[in-house]
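> Just so it is clear, I am handing over work_5.pdb, which has PDB, C-alpha atoms, pLDDT in the B column.
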```
ATOM      1  CA  MET A  29      19.568  22.095 -83.146  1.00 54.00           C
ATOM      2  CA  ARG A  30      18.767  18.443 -82.597  1.00 56.00           C
ATOM      3  CA  ARG A  31      21.456  18.252 -79.903  1.00 59.00           C
ATOM      4  CA  THR A  32      19.925  21.201 -78.108  1.00 57.00           C
ATOM      5  CA  LEU A  33      16.475  19.634 -78.148  1.00 54.00           C
ATOM      6  CA  LEU A  34      17.844  16.351 -76.771  1.00 54.00           C
ATOM      7  CA  MET A  35      19.544  18.188 -73.916  1.00 57.00           C
ATOM      8  CA  ILE A  36      16.333  20.041 -73.065  1.00 59.00           C
ATOM      9  CA  PHE A  37      14.354  16.753 -73.158  1.00 54.00           C
ATOM     10  CA  GLY A  38      16.878  15.082 -70.839  1.00 56.00           C
ATOM     11  CA  VAL A  39      16.665  17.906 -68.343  1.00 47.00           C
ATOM     12  CA  LEU A  40      12.858  17.686 -68.339  1.00 52.00           C
ATOM     13  CA  VAL A  41      12.987  13.943 -67.717  1.00 48.00           C
ATOM     14  CA  LEU A  42      15.323  14.364 -64.765  1.00 50.00           C
ATOM     15  CA  PHE A  43      13.198  17.145 -63.327  1.00 48.00           C
ATOM     16  CA  SER A  44      10.022  15.050 -63.646  1.00 52.00           C
ATOM     17  CA  ALA A  45      11.659  12.142 -61.825  1.00 48.00           C
ATOM     18  CA  ALA A  46      12.773  14.439 -59.038  1.00 48.00           C
ATOM     19  CA  ILE A  47       9.293  15.822 -58.341  1.00 48.00           C
ATOM     20  CA  ALA A  48       7.348  12.582 -58.912  1.00 47.00           C
ATOM     21  CA  PRO A  49       5.651  11.114 -55.766  1.00 48.00           C
ATOM     22  CA  ALA A  50       7.413   8.243 -54.032  1.00 43.00           C
ATOM     23  CA  THR A  51       6.060   4.803 -54.727  1.00 45.00           C
ATOM     24  CA  ALA A  52       4.554   2.639 -51.992  1.00 44.00           C
ATOM     25  CA  GLY A  53       7.801   0.721 -51.745  1.00 48.00           C
ATOM     26  CA  ASP A  54       9.700   3.898 -50.911  1.00 48.00           C
ATOM     27  CA  THR A  55       7.345   5.019 -48.090  1.00 53.00           C
ATOM     28  CA  THR A  56       8.960   5.131 -44.606  1.00 55.00           C
ATOM     29  CA  VAL A  57       6.706   3.887 -41.780  1.00 57.00           C
ATOM     30  CA  GLU A  58       7.594   5.244 -38.336  1.00 67.00           C
ATOM     31  CA  THR A  59       6.662   3.108 -35.348  1.00 74.00           C
ATOM     32  CA  SER A  60       6.616   3.816 -31.612  1.00 91.00           C
ATOM     33  CA  THR A  61       6.158   1.608 -28.571  1.00 91.00           C
ATOM     34  CA  PHE A  62       5.632   2.148 -24.861  1.00 93.00           C
ATOM     35  CA  LEU A  63       6.353  -0.331 -22.059  1.00 96.00           C
ATOM     36  CA  SER A  64       6.136   0.293 -18.306  1.00 95.00           C
ATOM     37  CA  VAL A  65       6.355  -2.435 -15.647  1.00 96.00           C
ATOM     38  CA  THR A  66       4.724  -1.434 -12.349  1.00 95.00           C
ATOM     39  CA  LEU A  67       5.037  -4.773 -10.523  1.00 94.00           C
ATOM     40  CA  PRO A  68       7.499  -5.903  -9.261  1.00 95.00           C
ATOM     41  CA  LYS A  69       9.786  -2.936  -8.640  1.00 95.00           C
ATOM     42  CA  GLN A  70      13.404  -2.915  -9.712  1.00 95.00           C
ATOM     43  CA  TYR A  71      15.643  -4.608  -7.067  1.00 95.00           C
ATOM     44  CA  GLU A  72      12.604  -5.476  -4.937  1.00 93.00           C
ATOM     45  CA  THR A  73      12.533  -8.469  -2.588  1.00 92.00           C
ATOM     46  CA  VAL A  74       9.510 -10.547  -3.550  1.00 92.00           C
ATOM     47  CA  TRP A  75       7.894 -13.389  -1.596  1.00 90.00           C
ATOM     48  CA  SER A  76       6.218 -16.544  -2.835  1.00 90.00           C
ATOM     49  CA  ASP A  77       4.907 -19.511  -0.840  1.00 88.00           C
ATOM     50  CA  LEU A  78       3.923 -21.413  -3.998  1.00 88.00           C
ATOM     51  CA  VAL A  79       5.626 -24.552  -5.295  1.00 87.00           C
ATOM     52  CA  PRO A  80       7.266 -23.852  -7.676  1.00 89.00           C
ATOM     53  CA  PRO A  81       7.565 -20.173  -6.737  1.00 93.00           C
ATOM     54  CA  ARG A  82       5.891 -17.613  -8.983  1.00 95.00           C
ATOM     55  CA  VAL A  83       5.937 -13.819  -9.189  1.00 95.00           C
ATOM     56  CA  GLU A  84       3.196 -11.537 -10.488  1.00 95.00           C
ATOM     57  CA  VAL A  85       4.233  -9.138 -13.251  1.00 97.00           C
ATOM     58  CA  ALA A  86       1.998  -6.212 -14.241  1.00 96.00           C
ATOM     59  CA  GLY A  87       2.240  -2.998 -16.205  1.00 96.00           C
ATOM     60  CA  ARG A  88       1.095  -0.925 -19.178  1.00 96.00           C
ATOM     61  CA  ALA A  89       2.063  -1.076 -22.840  1.00 96.00           C
ATOM     62  CA  GLY A  90       1.302   0.592 -26.153  1.00 95.00           C
ATOM     63  CA  ALA A  91       2.349   0.371 -29.803  1.00 95.00           C
ATOM     64  CA  SER A  92       1.426   2.585 -32.745  1.00 94.00           C
ATOM     65  CA  ASN A  93       1.035  -0.523 -34.917  1.00 93.00           C
ATOM     66  CA  GLY A  94      -0.849  -2.508 -32.283  1.00 95.00           C
ATOM     67  CA  ILE A  95       0.431  -5.095 -29.838  1.00 96.00           C
ATOM     68  CA  ARG A  96       0.954  -8.612 -31.092  1.00 96.00           C
ATOM     69  CA  GLU A  97       2.086 -10.099 -27.746  1.00 97.00           C
ATOM     70  CA  ILE A  98       3.699  -9.328 -24.410  1.00 97.00           C
ATOM     71  CA  VAL A  99       6.089 -12.032 -23.216  1.00 97.00           C
ATOM     72  CA  VAL A 100       7.487 -12.403 -19.682  1.00 97.00           C
ATOM     73  CA  GLU A 101      10.550 -14.580 -19.152  1.00 97.00           C
ATOM     74  CA  SER A 102      12.730 -15.616 -16.208  1.00 96.00           C
ATOM     75  CA  SER A 103      15.388 -18.230 -15.602  1.00 96.00           C
ATOM     76  CA  ALA A 104      12.615 -20.683 -14.666  1.00 95.00           C
ATOM     77  CA  GLY A 105      10.158 -20.209 -17.531  1.00 95.00           C
ATOM     78  CA  ARG A 106       8.388 -18.096 -20.142  1.00 96.00           C
ATOM     79  CA  VAL A 107       4.730 -16.997 -20.269  1.00 97.00           C
ATOM     80  CA  SER A 108       2.534 -14.879 -22.543  1.00 96.00           C
ATOM     81  CA  CYS A 109       0.756 -11.887 -21.030  1.00 96.00           C
ATOM     82  CA  GLY A 110      -1.571 -11.396 -23.995  1.00 95.00           C
ATOM     83  CA  ASN A 111      -1.785  -8.239 -26.102  1.00 96.00           C
ATOM     84  CA  ALA A 112      -3.780  -5.745 -23.987  1.00 96.00           C
ATOM     85  CA  THR A 113      -2.508  -2.284 -23.084  1.00 95.00           C
ATOM     86  CA  GLU A 114      -2.732  -3.235 -19.392  1.00 96.00           C
ATOM     87  CA  PHE A 115      -1.219  -6.617 -18.629  1.00 96.00           C
ATOM     88  CA  ALA A 116      -0.815  -8.878 -15.602  1.00 96.00           C
ATOM     89  CA  CYS A 117       0.364 -12.471 -15.326  1.00 95.00           C
ATOM     90  CA  THR A 118       2.522 -14.689 -13.132  1.00 96.00           C
ATOM     91  CA  VAL A 119       5.846 -16.152 -14.192  1.00 96.00           C
ATOM     92  CA  PRO A 120       7.742 -19.051 -12.560  1.00 96.00           C
ATOM     93  CA  VAL A 121      10.961 -17.927 -10.888  1.00 96.00           C
ATOM     94  CA  ALA A 122      13.946 -19.389  -9.085  1.00 95.00           C
ATOM     95  CA  GLU A 123      14.810 -18.679  -5.451  1.00 94.00           C
ATOM     96  CA  GLY A 124      17.447 -16.020  -4.865  1.00 94.00           C
ATOM     97  CA  ASN A 125      18.625 -13.435  -7.384  1.00 96.00           C
ATOM     98  CA  GLU A 126      16.399 -13.505 -10.456  1.00 96.00           C
ATOM     99  CA  THR A 127      16.165 -11.565 -13.725  1.00 97.00           C
ATOM    100  CA  ILE A 128      12.735 -10.986 -15.279  1.00 97.00           C
ATOM    101  CA  THR A 129      12.512  -9.736 -18.869  1.00 97.00           C
ATOM    102  CA  VAL A 130       9.293  -8.270 -20.273  1.00 97.00           C
ATOM    103  CA  THR A 131       9.182  -8.043 -24.095  1.00 97.00           C
ATOM    104  CA  LEU A 132       6.599  -6.139 -26.128  1.00 97.00           C
ATOM    105  CA  ILE A 133       6.190  -7.311 -29.754  1.00 96.00           C
ATOM    106  CA  ASP A 134       4.138  -5.091 -32.089  1.00 96.00           C
ATOM    107  CA  ASN A 135       2.279  -6.208 -35.210  1.00 95.00           C
ATOM    108  CA  LEU A 136       5.294  -5.412 -37.420  1.00 93.00           C
ATOM    109  CA  GLY A 137       7.608  -7.514 -35.263  1.00 93.00           C
ATOM    110  CA  LYS A 138       9.344  -4.577 -33.588  1.00 94.00           C
ATOM    111  CA  THR A 139      10.252  -5.306 -29.948  1.00 94.00           C
ATOM    112  CA  SER A 140      10.819  -3.341 -26.745  1.00 95.00           C
ATOM    113  CA  GLU A 141      12.202  -4.793 -23.525  1.00 96.00           C
ATOM    114  CA  ALA A 142      12.180  -4.022 -19.809  1.00 96.00           C
ATOM    115  CA  VAL A 143      14.609  -5.937 -17.573  1.00 97.00           C
ATOM    116  CA  LEU A 144      14.012  -6.291 -13.819  1.00 96.00           C
ATOM    117  CA  HIS A 145      16.382  -7.640 -11.182  1.00 97.00           C
ATOM    118  CA  VAL A 146      14.653  -8.991  -8.057  1.00 96.00           C
ATOM    119  CA  TYR A 147      15.400 -11.240  -5.091  1.00 96.00           C
ATOM    120  CA  VAL A 148      12.958 -14.111  -4.539  1.00 95.00           C
ATOM    121  CA  ASN A 149      12.210 -15.406  -1.020  1.00 92.00           C
ATOM    122  CA  VAL A 150      10.382 -18.730  -0.969  1.00 91.00           C
ATOM    123  CA  ASP A 151       8.322 -18.306   2.196  1.00 87.00           C
ATOM    124  CA  VAL A 152       5.122 -16.759   3.561  1.00 82.00           C
ATOM    125  CA  PRO A 153       5.452 -12.971   3.250  1.00 83.00           C
ATOM    126  CA  PRO A 154       5.790 -11.133   6.576  1.00 83.00           C
ATOM    127  CA  PRO A 155       2.984  -8.865   7.830  1.00 86.00           C
ATOM    128  CA  PRO A 156       3.335  -5.215   6.823  1.00 90.00           C
ATOM    129  CA  TRP A 157       3.940  -2.184   9.004  1.00 93.00           C
ATOM    130  CA  ILE A 158       0.766  -0.093   8.835  1.00 95.00           C
ATOM    131  CA  TYR A 159      -0.410   3.415   9.720  1.00 97.00           C
ATOM    132  CA  VAL A 160      -3.696   4.461  11.326  1.00 97.00           C
ATOM    133  CA  ILE A 161      -5.066   8.014  11.466  1.00 97.00           C
ATOM    134  CA  GLY A 162      -8.346   9.252  12.847  1.00 97.00           C
ATOM    135  CA  THR A 163     -10.207  11.442  15.318  1.00 98.00           C
ATOM    136  CA  VAL A 164     -11.540  10.658  18.788  1.00 98.00           C
ATOM    137  CA  ARG A 165     -14.842  12.351  19.643  1.00 97.00           C
ATOM    138  CA  ASP A 166     -17.446  12.057  22.372  1.00 97.00           C
ATOM    139  CA  THR A 167     -21.044  10.966  21.827  1.00 95.00           C
ATOM    140  CA  ASP A 168     -22.031  14.591  21.085  1.00 95.00           C
ATOM    141  CA  GLY A 169     -19.425  14.852  18.334  1.00 96.00           C
ATOM    142  CA  ARG A 170     -16.996  17.031  20.295  1.00 97.00           C
ATOM    143  CA  PRO A 171     -13.278  16.247  19.841  1.00 97.00           C
ATOM    144  CA  VAL A 172     -11.570  14.606  22.822  1.00 97.00           C
ATOM    145  CA  SER A 173      -8.055  15.923  23.332  1.00 97.00           C
ATOM    146  CA  GLY A 174      -5.446  14.318  25.573  1.00 97.00           C
ATOM    147  CA  ALA A 175      -6.823  10.802  25.164  1.00 98.00           C
ATOM    148  CA  THR A 176      -4.372   7.877  25.054  1.00 98.00           C
ATOM    149  CA  VAL A 177      -4.664   5.686  21.958  1.00 98.00           C
ATOM    150  CA  THR A 178      -2.871   2.325  21.995  1.00 97.00           C
ATOM    151  CA  VAL A 179      -2.748  -0.332  19.284  1.00 96.00           C
ATOM    152  CA  LYS A 180      -1.514  -3.850  20.004  1.00 94.00           C
ATOM    153  CA  SER A 181      -0.741  -6.371  17.275  1.00 91.00           C
ATOM    154  CA  GLY A 182      -3.019  -9.379  17.172  1.00 86.00           C
ATOM    155  CA  LEU A 183      -0.243 -11.663  15.902  1.00 80.00           C
ATOM    156  CA  PRO A 184       1.235 -14.324  18.211  1.00 73.00           C
ATOM    157  CA  LEU A 185       4.802 -13.027  18.374  1.00 72.00           C
ATOM    158  CA  ALA A 186       7.584 -14.744  20.327  1.00 67.00           C
ATOM    159  CA  TRP A 187       8.585 -11.490  22.029  1.00 73.00           C
ATOM    160  CA  GLY A 188       4.973 -10.521  22.849  1.00 77.00           C
ATOM    161  CA  PRO A 189       2.492  -8.119  21.236  1.00 84.00           C
ATOM    162  CA  HIS A 190       3.909  -5.113  19.431  1.00 90.00           C
ATOM    163  CA  ARG A 191       2.425  -1.947  21.001  1.00 93.00           C
ATOM    164  CA  VAL A 192       2.285   1.618  19.691  1.00 96.00           C
ATOM    165  CA  THR A 193       0.864   4.419  21.855  1.00 97.00           C
ATOM    166  CA  THR A 194       0.055   8.024  21.022  1.00 97.00           C
ATOM    167  CA  GLY A 195      -2.133  10.866  22.308  1.00 97.00           C
ATOM    168  CA  THR A 196      -4.890  12.896  20.691  1.00 97.00           C
ATOM    169  CA  ALA A 197      -4.291  16.520  19.744  1.00 97.00           C
ATOM    170  CA  GLY A 198      -6.533  19.495  20.473  1.00 96.00           C
ATOM    171  CA  ASP A 199      -8.803  18.593  17.592  1.00 97.00           C
ATOM    172  CA  GLY A 200      -9.026  14.964  18.746  1.00 97.00           C
ATOM    173  CA  GLY A 201      -6.795  13.748  15.929  1.00 98.00           C
ATOM    174  CA  TYR A 202      -4.241  10.978  16.340  1.00 98.00           C
ATOM    175  CA  LEU A 203      -1.639   9.165  14.245  1.00 97.00           C
ATOM    176  CA  ILE A 204      -0.348   5.632  14.797  1.00 97.00           C
ATOM    177  CA  GLU A 205       2.874   4.814  12.935  1.00 96.00           C
ATOM    178  CA  ASN A 206       4.474   1.419  12.304  1.00 93.00           C
ATOM    179  CA  ALA A 207       1.854  -0.853  13.807  1.00 94.00           C
ATOM    180  CA  PHE A 208       2.771  -4.464  13.025  1.00 92.00           C
ATOM    181  CA  GLY A 209       0.273  -6.384  10.918  1.00 92.00           C
ATOM    182  CA  TYR A 210      -3.291  -5.831   9.769  1.00 93.00           C
ATOM    183  CA  ALA A 211      -4.979  -7.285  12.900  1.00 93.00           C
ATOM    184  CA  GLN A 212      -4.868  -4.810  15.787  1.00 95.00           C
ATOM    185  CA  ASN A 213      -6.464  -4.415  19.225  1.00 95.00           C
ATOM    186  CA  ILE A 214      -7.194  -0.711  19.799  1.00 97.00           C
ATOM    187  CA  SER A 215      -7.692   0.921  23.198  1.00 97.00           C
ATOM    188  CA  VAL A 216      -8.636   4.530  23.992  1.00 98.00           C
ATOM    189  CA  GLU A 217      -8.567   5.944  27.515  1.00 97.00           C
ATOM    190  CA  LYS A 218      -9.317   9.389  28.926  1.00 97.00           C
ATOM    191  CA  GLU A 219     -10.298  10.478  32.440  1.00 95.00           C
ATOM    192  CA  GLY A 220     -14.021  11.099  32.607  1.00 95.00           C
ATOM    193  CA  TYR A 221     -14.795   8.634  29.810  1.00 97.00           C
ATOM    194  CA  LEU A 222     -15.440   4.910  29.682  1.00 97.00           C
ATOM    195  CA  PRO A 223     -12.415   3.057  28.228  1.00 97.00           C
ATOM    196  CA  LEU A 224     -12.853   1.828  24.647  1.00 97.00           C
ATOM    197  CA  HIS A 225     -11.483  -1.500  23.387  1.00 96.00           C
ATOM    198  CA  ARG A 226     -11.918  -2.770  19.846  1.00 95.00           C
ATOM    199  CA  ASP A 227     -10.433  -5.496  17.622  1.00 95.00           C
ATOM    200  CA  VAL A 228      -9.940  -4.269  14.067  1.00 95.00           C
ATOM    201  CA  SER A 229      -8.674  -6.008  10.917  1.00 94.00           C
ATOM    202  CA  PHE A 230      -7.307  -3.392   8.532  1.00 95.00           C
ATOM    203  CA  GLU A 231      -6.877  -3.952   4.800  1.00 92.00           C
ATOM    204  CA  ASN A 232      -4.437  -1.243   3.718  1.00 94.00           C
ATOM    205  CA  ILE A 233      -1.023   0.105   4.642  1.00 94.00           C
ATOM    206  CA  THR A 234      -2.561   3.501   5.509  1.00 96.00           C
ATOM    207  CA  ASN A 235      -5.971   3.424   7.211  1.00 97.00           C
ATOM    208  CA  ARG A 236      -8.469   5.815   8.776  1.00 97.00           C
ATOM    209  CA  LEU A 237     -10.404   4.954  11.930  1.00 97.00           C
ATOM    210  CA  ASP A 238     -12.557   7.482  13.808  1.00 97.00           C
ATOM    211  CA  LEU A 239     -13.447   6.516  17.389  1.00 97.00           C
ATOM    212  CA  GLU A 240     -16.105   7.590  19.876  1.00 97.00           C
ATOM    213  CA  LEU A 241     -15.797   7.755  23.663  1.00 97.00           C
ATOM    214  CA  GLU A 242     -18.771   7.557  26.000  1.00 96.00           C
ATOM    215  CA  PRO A 243     -18.689   9.772  29.122  1.00 95.00           C
ATOM    216  CA  GLU A 244     -18.644   8.016  32.465  1.00 94.00           C
ATOM    217  CA  PRO A 245     -21.970   7.947  34.340  1.00 89.00           C
ATOM    218  CA  PRO A 246     -22.034  10.644  37.070  1.00 82.00           C
ATOM    219  CA  GLN A 247     -22.275   8.060  39.866  1.00 73.00           C
ATOM    220  CA  ALA A 248     -19.084   6.366  38.660  1.00 59.00           C
ATOM    221  CA  ARG A 249     -17.003   9.495  39.007  1.00 58.00           C
ATOM    222  CA  THR A 250     -14.999  10.325  42.126  1.00 53.00           C
ATOM    223  CA  ALA A 251     -13.638  13.618  43.315  1.00 51.00           C
ATOM    224  CA  PRO A 252     -10.191  14.504  41.950  1.00 53.00           C
ATOM    225  CA  GLY A 253      -7.498  12.838  44.015  1.00 52.00           C
ATOM    226  CA  PHE A 254     -10.086  10.713  45.847  1.00 50.00           C
ATOM    227  CA  SER A 255      -9.864   7.122  44.658  1.00 52.00           C
ATOM    228  CA  ALA A 256     -12.229   4.247  45.408  1.00 52.00           C
ATOM    229  CA  GLY A 257      -9.655   2.735  47.761  1.00 53.00           C
ATOM    230  CA  MET A 258      -9.424   5.950  49.738  1.00 54.00           C
ATOM    231  CA  GLY A 259     -13.202   6.044  49.905  1.00 52.00           C
ATOM    232  CA  ILE A 260     -13.294   2.576  51.483  1.00 53.00           C
ATOM    233  CA  LEU A 261     -10.658   3.552  54.050  1.00 55.00           C
ATOM    234  CA  ALA A 262     -12.564   6.708  54.908  1.00 54.00           C
ATOM    235  CA  LEU A 263     -15.792   4.751  55.328  1.00 52.00           C
ATOM    236  CA  ALA A 264     -14.085   2.208  57.616  1.00 56.00           C
ATOM    237  CA  GLY A 265     -12.583   5.033  59.647  1.00 58.00           C
ATOM    238  CA  GLY A 266     -15.981   6.653  60.045  1.00 56.00           C
ATOM    239  CA  LEU A 267     -17.535   3.424  61.298  1.00 55.00           C
ATOM    240  CA  LEU A 268     -14.750   2.999  63.873  1.00 58.00           C
ATOM    241  CA  ALA A 269     -15.235   6.573  65.049  1.00 58.00           C
ATOM    242  CA  VAL A 270     -18.978   5.987  65.510  1.00 51.00           C
ATOM    243  CA  ARG A 271     -18.352   2.834  67.553  1.00 64.00           C
ATOM    244  CA  ALA A 272     -15.801   4.629  69.726  1.00 59.00           C
ATOM    245  CA  ALA A 273     -18.272   7.450  70.410  1.00 58.00           C
ATOM    246  CA  ARG A 274     -20.987   5.009  71.424  1.00 62.00           C
ATOM    247  CA  GLY A 275     -18.528   3.261  73.776  1.00 58.00           C
ATOM    248  CA  ARG A 276     -17.794   6.508  75.564  1.00 60.00           C
ATOM    249  CA  GLU A 277     -21.516   7.246  75.977  1.00 57.00           C
ATOM    250  CA  ARG A 278     -21.962   3.961  77.830  1.00 55.00           C
TER     251      ARG A 278
END
```
Once you've parsed the file, please lay out its structure as C-alpha cells.

Amino acid sequence: MRRTLLMIFGVLVLFSAAIAPATAGDTTVETSTFLSVTLPKQYETVWSDLVPPRVEVAGRAGASNGIREIVVESSAGRVSCGNATEFACTVPVAEGNETITVTLIDNLGKTSEAVLHVYVNVDVPPPPWIYVIGTVRDTDGRPVSGATVTVKSGLPLAWGPHRVTTGTAGDGGYLIENAFGYAQNISVEKEGYLPLHRDVSFENITNRLDLELEPEPPQARTAPGFSAGMGILALAGGLLAVRAARGRER
C-alpha cells in the first residue's frame, strides 16, 4: 500500500512540474530589426570634391528592442550615425572601388548589416541631364500648337552649347528630354507671335515650365509670302516707275 501511495505521489510531482509556468530565466525573447540604406545605391558611382573625399550615407532603421547605435564604416574610416529611425551622415572614403558597411546595433547587442559597393570619383560632379515639360499658351490662355521650343545649355562647353528642340502639340504641350545642366536658355517661336527668350535655372531633374506667347502687333505682320525685303524692292520699283512716267510726260 505504501509503495502504491509513493508511486501516485511521484506521478503528481512530475505532472505539477510539467504544467508549472516557466521562470523568468526560461523566457524566450524574440527580437527583430530593420535596416534599409537609400543613399548611395548599390554599385553607384559617387562624386566628391572634398579633401579627404566623403560620401553621404542615409536610410531608415528599426529594432523591436530599440536602436543603440548605427555605425557606418569604409576602408578610410568609421562614423556613428546616431540611433534614430531615419539616419544620415557622411563617411570618409578612398578613391576608386570602395565598400561601405552600415551596422545597426539594438539595445540587446543584436546587429544587422547592409554592405554597399560603390565607385568613388574625386572630382566636381558633372551637371545632370534634365527634363522640362509644360504648355505654351497665348495671352488669352489659348494653347499655341506648332510652336518651336528650344533649350540651350548655359554651361561653357568646349564643343558649344547643347541644344534640344521640340514642337508643341495640339494642346500646346511640349516635352524637352536630356537637356544638359540646370541652367538653360529657352526660346519659343511661332508665326504670328513675338519670339520669347528666357534664362531659367532649374532645380530638379524633372521640371515643369508653362510659357506664354504674345501676339504680334497688327502693323508688324506682313501678308503671307510677302517679306519685308520684298516690300522694300516693291517700293523701290514703284518709285522708279513713277519717275519714268514723269519723264515721258515731259
> The PyMOL selection byres ((chain A and resi 155) around 8) - which residues does that actually catch in the file I just gave you? List them as a ChimeraX atom specification.
/A:153-154,156-157,208-210
> Determine, for each residue of segment 194-258 of chain A having at least one atom at most 8 Å from an atom of segment 170-184 of chain A, the closest pair of atoms and their separation in Å to one decimal, counting all atoms listed in the file; order by chain and ascending number, as CSV.

```
residue,atom,partner,partner_atom,distance
A:Thr194,CA,A:Val177,CA,5.3
A:Gly195,CA,A:Thr176,CA,4.6
A:Thr196,CA,A:Ser173,CA,5.1
A:Ala197,CA,A:Ser173,CA,5.2
A:Gly198,CA,A:Ser173,CA,4.8
A:Asp199,CA,A:Pro171,CA,5.5
A:Gly200,CA,A:Pro171,CA,4.6
A:Gly201,CA,A:Ser173,CA,7.8
A:Tyr202,CA,A:Val177,CA,7.7
A:Ile204,CA,A:Val179,CA,7.8
A:Ala207,CA,A:Ser181,CA,7.0
A:Phe208,CA,A:Ser181,CA,5.8
A:Gly209,CA,A:Ser181,CA,6.4
A:Tyr210,CA,A:Ser181,CA,7.9
A:Ala211,CA,A:Gly182,CA,5.1
A:Gln212,CA,A:Ser181,CA,4.7
A:Asn213,CA,A:Lys180,CA,5.0
A:Ile214,CA,A:Val179,CA,4.5
A:Ser215,CA,A:Thr178,CA,5.2
A:Val216,CA,A:Val177,CA,4.6
A:Glu217,CA,A:Thr176,CA,5.2
A:Lys218,CA,A:Ala175,CA,4.7
```
> Can I get the selection written as a PDB file, in the coordinates of the input, with C-alpha atoms?

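Result written to selection28.pdb:
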```pdb
ATOM      1  CA  THR A 194       0.055   8.024  21.022  1.00 97.00           C
ATOM      2  CA  GLY A 195      -2.133  10.866  22.308  1.00 97.00           C
ATOM      3  CA  THR A 196      -4.890  12.896  20.691  1.00 97.00           C
ATOM      4  CA  ALA A 197      -4.291  16.520  19.744  1.00 97.00           C
ATOM      5  CA  GLY A 198      -6.533  19.495  20.473  1.00 96.00           C
ATOM      6  CA  ASP A 199      -8.803  18.593  17.592  1.00 97.00           C
ATOM      7  CA  GLY A 200      -9.026  14.964  18.746  1.00 97.00           C
ATOM      8  CA  GLY A 201      -6.795  13.748  15.929  1.00 98.00           C
ATOM      9  CA  TYR A 202      -4.241  10.978  16.340  1.00 98.00           C
ATOM     10  CA  ILE A 204      -0.348   5.632  14.797  1.00 97.00           C
ATOM     11  CA  ALA A 207       1.854  -0.853  13.807  1.00 94.00           C
ATOM     12  CA  PHE A 208       2.771  -4.464  13.025  1.00 92.00           C
ATOM     13  CA  GLY A 209       0.273  -6.384  10.918  1.00 92.00           C
ATOM     14  CA  TYR A 210      -3.291  -5.831   9.769  1.00 93.00           C
ATOM     15  CA  ALA A 211      -4.979  -7.285  12.900  1.00 93.00           C
ATOM     16  CA  GLN A 212      -4.868  -4.810  15.787  1.00 95.00           C
ATOM     17  CA  ASN A 213      -6.464  -4.415  19.225  1.00 95.00           C
ATOM     18  CA  ILE A 214      -7.194  -0.711  19.799  1.00 97.00           C
ATOM     19  CA  SER A 215      -7.692   0.921  23.198  1.00 97.00           C
ATOM     20  CA  VAL A 216      -8.636   4.530  23.992  1.00 98.00           C
ATOM     21  CA  GLU A 217      -8.567   5.944  27.515  1.00 97.00           C
ATOM     22  CA  LYS A 218      -9.317   9.389  28.926  1.00 97.00           C
TER      23      LYS A 218
END
```
> Is it possible to get the axis-aligned box enclosing segment 100-118 of chain A (all listed atoms, 8 Å extra per side) as JSON, with centre and edge lengths in Å rounded to one decimal?

```
{"center_x": 5.8, "center_y": -11.5, "center_z": -19.6, "size_x": 35.2, "size_y": 34.4, "size_z": 29.0}
```
> Measure the distance from atom CA of Glu141 of chain A to atom CA of Asn125 of chain A in Å and round it to one decimal.
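Between atom CA of Glu141 of chain A and atom CA of Asn125 of chain A the gap is 19.4 Å.
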> Report, in Å with one decimal, the straight-line distance from atom CA of Arg165 of chain A to atom CA of Asp238 of chain A.
7.9 Å
> Suppose you want the space between atom CA of Leu67 of chain A and atom CA of Ser103 of chain A; what is it in Å?
17.7 Å
> Name the residues captured by the PyMOL selection byres ((chain A and resi 63) around 7) when it is applied to the shown file; answer as a list in words.
Thr61, Phe62, Ser64, Val65, Arg88, Ala89 and Gly90 of chain A
> Please produce a file of those selected residues containing C-alpha atoms, as a tab-separated table (two decimals), in the frame of the given file.

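As a result, selection15.tsv now contains:
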```tsv
chain	number	residue	atom	x	y	z
A	61	THR	CA	6.16	1.61	-28.57
A	62	PHE	CA	5.63	2.15	-24.86
A	64	SER	CA	6.14	0.29	-18.31
A	65	VAL	CA	6.36	-2.44	-15.65
A	88	ARG	CA	1.10	-0.92	-19.18
A	89	ALA	CA	2.06	-1.08	-22.84
A	90	GLY	CA	1.30	0.59	-26.15
```
> Counting all atoms listed in the file, select every polymer residue within 9 Å of (4.6, -8.2, -33.8) as defined in the file's coordinates, and provide the selection as a PyMOL selection string.
chain A and resi 93-97+132-139
> Using only C-alpha atoms, which residues sit within 9 Å of Asn232 of chain A once same-chain residues fewer than 3 positions away are excluded, as number ranges by chain?
A: 158-159, 210, 235
> Now that the selection is made, can you save its residues with C-alpha atoms as a PDB file, in the frame of the given file?

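Here's the written file part_39.pdb:
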```pdb
ATOM      1  CA  ILE A 158       0.766  -0.093   8.835  1.00 95.00           C
ATOM      2  CA  TYR A 159      -0.410   3.415   9.720  1.00 97.00           C
ATOM      3  CA  TYR A 210      -3.291  -5.831   9.769  1.00 93.00           C
ATOM      4  CA  ASN A 235      -5.971   3.424   7.211  1.00 97.00           C
TER       5      ASN A 235
END
```
> May I have the protein, DNA and RNA residues with an atom at most 7 Å from (5.5, 2.1, -32.8), counting all atoms listed in the file in the file's coordinates, returned as a list in words?
Glu58, Thr59, Ser60, Thr61, Ala91, Ser92 and Asn93 of chain A
> Looking at only C-alpha atoms, which of A:Pro68, A:Pro120, A:Gly169, A:Pro80 is the one that sits closest to Arg106 of chain A?
A:Pro120
> How would you write, as a list in words, the residues chosen by the PyMOL selection byres ((chain A and resi 109) around 6) on this structure?
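Here the PyMOL selection byres ((chain A and resi 109) around 6) matches Ile98, Val99, Ser108, Gly110 and Cys117 of chain A.
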> Counting only C-alpha atoms, figure out which residue out of A:Asn206, A:Asn149, A:Thr66, A:Thr129 gets nearest to Phe115 of chain A.
A:Thr66
> Could you list, as a list of chain:residue names, every residue within 10 Å of segment 74-76 of chain A, counting all atoms listed in the file and ignoring same-chain residues fewer than 5 positions away?
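Counting all atoms listed in the file, the residues come to A:Pro68, A:Lys69, A:Pro81, A:Arg82, A:Val83, A:Glu84, A:Val121, A:Glu123, A:Gly124, A:Val146, A:Tyr147, A:Val148, A:Asn149, A:Val150, A:Asp151, A:Val152, A:Pro153, A:Pro154.
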> Set the distance at 8 Å and use all atoms listed in the file: which residues neighbour Glu240 of chain A once local chain neighbours fewer than 6 positions away are removed? I'd like the list as a PyMOL selection string.
chain A and resi 164-167
> With distances taken over all atoms listed in the file, which residue among A:Val192, A:Val130, A:Leu237, A:Ala104 lies nearest Ala86 of chain A?
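Ranked by minimum distance to Ala86 of chain A, first place goes to A:Val130.
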